[in-house]
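Dumped final-v5.cif below, it's mmCIF, C-alpha atoms:
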data_model
loop_
_atom_site.label_atom_id
_atom_site.label_comp_id
_atom_site.auth_asym_id
_atom_site.auth_seq_id
_atom_site.Cartn_x
_atom_site.Cartn_y
_atom_site.Cartn_z
CA MET Y 5 18.77 -76.43 -131.78
CA ALA Y 6 17.27 -75.87 -135.22
CA VAL Y 7 14.65 -73.20 -135.58
CA ALA Y 8 11.49 -74.27 -137.35
CA PRO Y 9 10.74 -72.24 -140.50
CA TRP Y 10 7.98 -69.66 -140.32
CA PRO Y 11 4.78 -71.27 -141.57
CA ILE Y 12 3.52 -69.62 -144.74
CA GLY Y 13 -0.06 -70.81 -144.63
CA ARG Y 14 -2.57 -70.34 -147.42
CA VAL Y 15 -1.35 -66.78 -148.04
CA ASN Y 16 2.28 -65.74 -147.82
CA TRP Y 17 1.58 -62.47 -146.03
CA ILE Y 18 5.26 -61.80 -145.31
CA GLY Y 19 6.20 -62.23 -148.97
CA LEU Y 20 3.23 -60.19 -150.15
CA TRP Y 21 4.03 -57.38 -147.73
CA THR Y 22 7.71 -57.43 -148.75
CA LEU Y 23 6.85 -57.12 -152.44
CA TYR Y 24 4.32 -54.37 -151.74
CA HIS Y 25 6.82 -52.53 -149.53
CA LYS Y 26 9.41 -52.72 -152.32
CA GLU Y 27 6.97 -51.29 -154.84
CA VAL Y 28 5.98 -48.40 -152.58
CA TRP Y 29 9.53 -47.61 -151.49
CA ARG Y 30 10.61 -47.61 -155.13
CA PHE Y 31 8.47 -44.59 -156.04
CA LEU Y 32 8.94 -42.82 -152.70
CA LYS Y 33 12.70 -42.80 -153.30
CA VAL Y 34 12.26 -40.38 -156.23
CA PRO Y 35 9.50 -37.97 -155.11
CA ALA Y 36 10.55 -35.26 -157.56
CA GLN Y 37 9.77 -37.60 -160.45
CA THR Y 38 6.79 -39.53 -159.10
CA ILE Y 39 4.97 -36.94 -156.98
CA ALA Y 40 6.13 -33.38 -157.70
CA ALA Y 41 6.18 -33.77 -161.50
CA PRO Y 42 2.50 -34.83 -161.83
CA ALA Y 43 1.46 -31.96 -159.54
CA VAL Y 44 3.36 -29.40 -161.60
CA MET Y 45 1.98 -30.87 -164.84
CA ALA Y 46 -1.60 -30.66 -163.55
CA LEU Y 47 -1.16 -27.03 -162.50
CA LEU Y 48 0.33 -26.19 -165.90
CA MET Y 49 -2.57 -27.82 -167.72
CA ILE Y 50 -5.10 -26.03 -165.53
CA THR Y 51 -3.39 -22.72 -166.27
CA ILE Y 52 -3.18 -23.37 -170.02
CA PHE Y 53 -6.77 -24.57 -170.38
CA SER Y 54 -8.15 -21.79 -168.20
CA ILE Y 55 -6.46 -19.23 -170.47
CA ALA Y 56 -7.17 -20.97 -173.78
CA VAL Y 57 -10.67 -22.30 -173.13
CA GLY Y 58 -11.92 -20.71 -169.94
CA SER Y 59 -12.74 -17.39 -171.55
CA ALA Y 60 -14.80 -19.09 -174.31
CA VAL Y 61 -16.44 -21.79 -172.16
CA ARG Y 62 -17.23 -20.29 -168.78
CA GLN Y 63 -19.40 -23.11 -167.45
CA VAL Y 64 -19.72 -26.84 -168.07
CA GLY Y 65 -22.24 -28.99 -166.25
CA GLY Y 66 -23.45 -25.96 -164.30
CA VAL Y 67 -20.04 -25.22 -162.73
CA PRO Y 68 -17.06 -23.07 -163.77
CA TYR Y 69 -14.88 -24.73 -166.39
CA ILE Y 70 -11.86 -24.97 -164.08
CA GLU Y 71 -13.95 -26.77 -161.47
CA PHE Y 72 -15.15 -29.15 -164.18
CA LEU Y 73 -11.64 -29.71 -165.53
CA SER Y 74 -9.77 -30.32 -162.27
CA PRO Y 75 -11.29 -33.71 -161.30
CA GLY Y 76 -10.52 -35.02 -164.77
CA LEU Y 77 -6.87 -33.99 -164.45
CA ILE Y 78 -6.63 -35.58 -161.01
CA MET Y 79 -8.11 -38.84 -162.28
CA MET Y 80 -5.82 -38.79 -165.31
CA ALA Y 81 -2.82 -38.50 -162.97
CA ILE Y 82 -4.14 -41.43 -160.91
CA ILE Y 83 -4.53 -43.50 -164.06
CA GLN Y 84 -1.12 -42.68 -165.51
CA ASN Y 85 0.80 -43.19 -162.28
CA SER Y 86 -0.95 -46.46 -161.41
CA PHE Y 87 -0.17 -47.82 -164.86
CA GLY Y 88 3.39 -46.51 -164.84
CA ASN Y 89 4.29 -47.95 -161.45
CA ALA Y 90 3.33 -51.54 -162.24
CA SER Y 91 4.59 -51.57 -165.83
CA SER Y 92 7.93 -49.90 -165.18
CA SER Y 93 8.72 -52.06 -162.16
CA LEU Y 94 8.23 -55.30 -164.04
CA ILE Y 95 9.95 -54.27 -167.27
CA ILE Y 96 12.97 -52.95 -165.33
CA SER Y 97 13.29 -56.31 -163.58
CA LYS Y 98 13.09 -58.11 -166.93
CA VAL Y 99 15.60 -55.85 -168.67
CA GLN Y 100 18.07 -55.96 -165.77
CA GLY Y 101 17.72 -59.72 -165.53
CA ASN Y 102 16.66 -59.87 -161.89
CA ILE Y 103 13.12 -61.01 -162.59
CA VAL Y 104 14.20 -64.37 -161.18
CA ASP Y 105 14.31 -62.74 -157.73
CA LEU Y 106 10.54 -62.32 -157.99
CA LEU Y 107 9.79 -65.74 -159.44
CA MET Y 108 11.86 -67.89 -157.07
CA PRO Y 109 10.34 -66.88 -153.69
CA PRO Y 110 7.28 -68.86 -152.51
CA LEU Y 111 4.76 -66.41 -153.93
CA SER Y 112 1.67 -67.62 -155.75
CA PRO Y 113 0.54 -65.94 -158.99
CA GLY Y 114 -2.18 -64.15 -157.03
CA GLU Y 115 0.28 -62.88 -154.43
CA LEU Y 116 2.66 -61.67 -157.13
CA ALA Y 117 -0.18 -59.89 -158.88
CA TRP Y 118 -1.48 -58.20 -155.74
CA GLY Y 119 1.99 -57.07 -154.72
CA PHE Y 120 2.42 -55.16 -157.98
CA ILE Y 121 -1.19 -54.02 -158.17
CA LEU Y 122 -1.35 -52.64 -154.64
CA GLY Y 123 1.94 -50.83 -155.22
CA GLY Y 124 0.46 -49.16 -158.29
CA VAL Y 125 -2.77 -48.34 -156.48
CA THR Y 126 -0.84 -46.75 -153.62
CA ARG Y 127 1.16 -44.56 -155.98
CA GLY Y 128 -1.91 -43.54 -157.97
CA LEU Y 129 -3.96 -42.63 -154.90
CA PHE Y 130 -1.00 -40.91 -153.25
CA VAL Y 131 -0.43 -38.71 -156.31
CA GLY Y 132 -4.18 -38.06 -156.56
CA ALA Y 133 -4.33 -36.95 -152.93
CA VAL Y 134 -1.37 -34.60 -153.42
CA LEU Y 135 -2.99 -33.12 -156.52
CA LEU Y 136 -6.27 -32.66 -154.69
CA VAL Y 137 -4.54 -30.71 -151.94
CA VAL Y 138 -2.70 -28.56 -154.50
CA VAL Y 139 -5.53 -28.04 -157.00
CA ALA Y 140 -8.62 -27.82 -154.78
CA PRO Y 141 -7.99 -24.29 -153.42
CA ALA Y 142 -7.32 -22.87 -156.89
CA ALA Y 143 -10.26 -24.64 -158.56
CA GLY Y 144 -12.74 -24.34 -155.70
CA LEU Y 145 -13.26 -28.10 -155.50
CA THR Y 146 -15.50 -29.36 -152.71
CA PRO Y 147 -16.30 -33.07 -152.31
CA ARG Y 148 -20.07 -33.49 -152.56
CA HIS Y 149 -20.25 -37.28 -152.79
CA PRO Y 150 -17.09 -38.71 -151.18
CA GLU Y 151 -18.24 -42.29 -151.74
CA PHE Y 152 -18.18 -41.81 -155.52
CA ILE Y 153 -14.78 -40.16 -155.36
CA LEU Y 154 -13.25 -42.99 -153.36
CA LEU Y 155 -14.99 -45.79 -155.29
CA HIS Y 156 -13.94 -44.57 -158.73
CA ALA Y 157 -10.43 -43.61 -157.62
CA VAL Y 158 -9.75 -47.05 -156.11
CA PHE Y 159 -11.19 -49.01 -159.03
CA ALA Y 160 -9.49 -46.81 -161.63
CA ALA Y 161 -6.13 -47.16 -159.88
CA SER Y 162 -6.65 -50.93 -159.57
CA ALA Y 163 -7.68 -51.39 -163.21
CA LEU Y 164 -4.78 -49.37 -164.59
CA SER Y 165 -2.31 -51.10 -162.28
CA MET Y 166 -3.55 -54.41 -163.68
CA LEU Y 167 -3.22 -53.10 -167.22
CA GLY Y 168 0.29 -51.91 -166.38
CA LEU Y 169 1.14 -55.34 -164.98
CA MET Y 170 -0.12 -56.98 -168.15
CA GLY Y 171 1.91 -54.54 -170.23
CA GLY Y 172 5.01 -55.25 -168.17
CA ILE Y 173 4.55 -59.01 -168.59
CA TRP Y 174 4.06 -58.70 -172.35
CA ALA Y 175 6.83 -56.17 -172.99
CA GLU Y 176 10.38 -57.24 -173.68
CA LYS Y 177 11.89 -53.74 -173.74
CA PHE Y 178 10.98 -50.19 -172.83
CA ASP Y 179 9.81 -49.42 -176.37
CA HIS Y 180 7.00 -51.95 -175.94
CA ILE Y 181 5.75 -50.21 -172.79
CA ALA Y 182 5.93 -46.87 -174.59
CA THR Y 183 3.77 -48.38 -177.33
CA VAL Y 184 1.08 -49.40 -174.83
CA THR Y 185 1.24 -45.98 -173.17
CA ASN Y 186 1.11 -43.98 -176.42
CA PHE Y 187 -1.43 -46.06 -178.30
CA VAL Y 188 -3.70 -47.37 -175.54
CA VAL Y 189 -3.54 -45.50 -172.23
CA THR Y 190 -3.02 -41.93 -173.45
CA PRO Y 191 -5.69 -42.00 -176.21
CA LEU Y 192 -8.24 -43.60 -173.88
CA ALA Y 193 -7.49 -40.97 -171.22
CA PHE Y 194 -7.61 -37.98 -173.55
CA LEU Y 195 -10.76 -39.19 -175.33
CA SER Y 196 -12.71 -39.89 -172.15
CA GLY Y 197 -14.11 -36.46 -171.37
CA THR Y 198 -11.16 -35.30 -169.30
CA PHE Y 199 -11.15 -31.84 -170.86
CA TYR Y 200 -14.71 -31.56 -172.11
CA SER Y 201 -18.27 -32.73 -171.61
CA ILE Y 202 -19.39 -35.38 -174.07
CA GLU Y 203 -22.70 -33.54 -174.24
CA ARG Y 204 -20.90 -31.09 -176.54
CA LEU Y 205 -19.80 -33.84 -178.93
CA PRO Y 206 -21.72 -34.88 -182.07
CA PRO Y 207 -24.09 -37.75 -181.21
CA ILE Y 208 -22.00 -40.42 -182.93
CA TRP Y 209 -18.84 -39.45 -181.04
CA GLY Y 210 -20.76 -39.27 -177.80
CA GLU Y 211 -21.93 -42.85 -178.28
CA ILE Y 212 -18.42 -44.03 -179.17
CA THR Y 213 -17.06 -42.40 -175.99
CA ARG Y 214 -19.51 -44.46 -173.91
CA PHE Y 215 -17.60 -47.60 -174.92
CA ASN Y 216 -14.48 -46.23 -173.22
CA PRO Y 217 -14.18 -47.55 -169.63
CA LEU Y 218 -12.01 -44.58 -168.66
CA PHE Y 219 -14.94 -42.28 -169.46
CA TYR Y 220 -16.97 -43.85 -166.65
CA MET Y 221 -14.04 -43.68 -164.25
CA ILE Y 222 -13.59 -39.97 -164.85
CA ASP Y 223 -17.31 -39.23 -165.06
CA GLY Y 224 -18.11 -40.89 -161.73
CA PHE Y 225 -15.08 -39.33 -160.06
CA ARG Y 226 -16.06 -35.88 -161.34
CA TYR Y 227 -19.65 -36.40 -160.16
CA GLY Y 228 -18.32 -36.80 -156.66
CA PHE Y 229 -17.06 -33.21 -156.82
CA ILE Y 230 -19.54 -31.26 -158.97
CA GLY Y 231 -22.70 -33.35 -158.63
CA HIS Y 232 -23.12 -33.66 -162.42
CA ALA Y 233 -22.50 -36.70 -164.61
CA ASP Y 234 -22.57 -37.00 -168.40
CA GLY Y 235 -23.45 -40.69 -168.29
CA SER Y 236 -25.45 -43.11 -166.18
CA LEU Y 237 -23.86 -43.55 -162.76
CA GLY Y 238 -25.25 -47.07 -162.38
CA THR Y 239 -23.95 -48.15 -165.78
CA GLY Y 240 -20.63 -46.54 -164.95
CA ILE Y 241 -20.19 -48.53 -161.76
CA VAL Y 242 -21.03 -51.78 -163.57
CA VAL Y 243 -18.55 -51.00 -166.36
CA VAL Y 244 -15.76 -49.99 -163.98
CA VAL Y 245 -16.17 -53.05 -161.74
CA SER Y 246 -16.50 -55.42 -164.71
CA ALA Y 247 -13.40 -53.99 -166.41
CA THR Y 248 -11.40 -54.35 -163.20
CA LEU Y 249 -12.46 -57.96 -162.65
CA THR Y 250 -11.71 -58.84 -166.28
CA LEU Y 251 -8.22 -57.35 -166.04
CA TRP Y 252 -7.61 -59.22 -162.77
CA VAL Y 253 -8.46 -62.54 -164.39
CA ALA Y 254 -6.15 -61.72 -167.31
CA CYS Y 255 -3.28 -60.84 -164.94
CA TYR Y 256 -3.77 -64.03 -162.94
CA VAL Y 257 -3.82 -66.21 -166.05
CA MET Y 258 -0.67 -64.59 -167.48
CA LEU Y 259 1.25 -65.03 -164.22
CA SER Y 260 -0.04 -68.59 -163.70
CA ARG Y 261 1.21 -69.62 -167.12
CA GLY Y 262 4.49 -67.73 -166.73
CA TYR Y 263 3.78 -65.91 -169.99
CA LYS Y 264 7.06 -64.29 -171.15
CA LEU Y 265 8.42 -64.72 -167.63
CA LYS Y 266 9.52 -68.35 -167.55
CA PRO Y 267 11.44 -70.24 -170.23
#
I'd like the structure from this file rewritten - as structure tokens, please.
Amino acid sequence: MAVAPWPIGRVNWIGLWTLYHKEVWRFLKVPAQTIAAPAVMALLMITIFSIAVGSAVRQVGGVPYIEFLSPGLIMMAIIQNSFGNASSSLIISKVQGNIVDLLMPPLSPGELAWGFILGGVTRGLFVGAVLLVVVAPAAGLTPRHPEFILLHAVFAASALSMLGLMGGIWAEKFDHIATVTNFVVTPLAFLSGTFYSIERLPPIWGEITRFNPLFYMIDGFRYGFIGHADGSLGTGIVVVVSATLTLWVACYVMLSRGYKLKP
């Protein structure tokens, strides 16, 4: 007696879960690279900046410099790992020639996108949580507005996962992903107030920084810990949500058209 196939329905939940599970298991298989390394890097940067800058700048935003710096480093790790998970997964599949294994199953463009995006979000938030546990005791971090911490962490991880997915779709080799990382992600992260308050910048540079979406992600996330923000919190939420939605539309369009994925 033949067994009827499992009905997929409007959403292929089994396929979506399988892709998401693959993405999560992929980074959990190498914890030394994906989890321990970002934690060690954050601790090194905290140590270096506390020695190099902490003695000259004792307080920023009404809190000790290390307490000001730590949320920025945690958010930067969330951003980098979310981007790296989605981009590396897709480019590896393209380079190894097994991208067809992702395109042949009955997964819609939206399901494909969410599988990669949620995998990147999970890695970013997981690394951020580990860093928080490691850094908080040394920096004296205490969540004051948990809703801002969670909101900005989730949207930042989602936006950078989408950007990583777009980079992975566009790239044809690892050098292309390195180009996006070195000339887009890293400059935006370093010039977003991660290590400093934009109130200390010349007015023109302060205004330029306000056009950087990553500034609002870090600023709102930091506000959740120290209760001080350099920019408008309302404007920041609008910018972060708008940037995420725009990137989602771009990802969906690229996957729907099979851009650089289908002959």
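The two atoms in question, atom CA of Ala254 of chain Y and atom CA of Met170 of chain Y, are spaced 7.7 Å apart.
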From the list Y:Ser74, Y:Asn186, Y:Ser165, Y:Thr213, the nearest residue to Leu251 of chain Y using only C-alpha atoms is Y:Ser165
Judged by all atoms listed in the file, the minimum distance to Ser201 of chain Y among Y:Leu155, Y:Leu32, Y:Leu73, Y:Val139 is found for Y:Leu73
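Residues matched by the PyMOL selection byres ((chain Y and resi 167) around 9) in this file are Y:Phe87, Y:Ala90, Y:Ser91, Y:Ser162, Y:Ala163, Y:Leu164, Y:Ser165, Y:Met166, Y:Gly168, Y:Leu169, Y:Met170, Y:Gly171, Y:Gly172, Y:Leu251, Y:Trp252, Y:Cys255.
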Here atom CA of Ile202 of chain Y and atom CA of Thr51 of chain Y stand apart by 21.8 Å
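Using all atoms listed in the file, the nearest neighbour of Gly197 of chain Y within the list Y:Val64, Y:Met258, Y:Val137, Y:Ile39 is Y:Val64.
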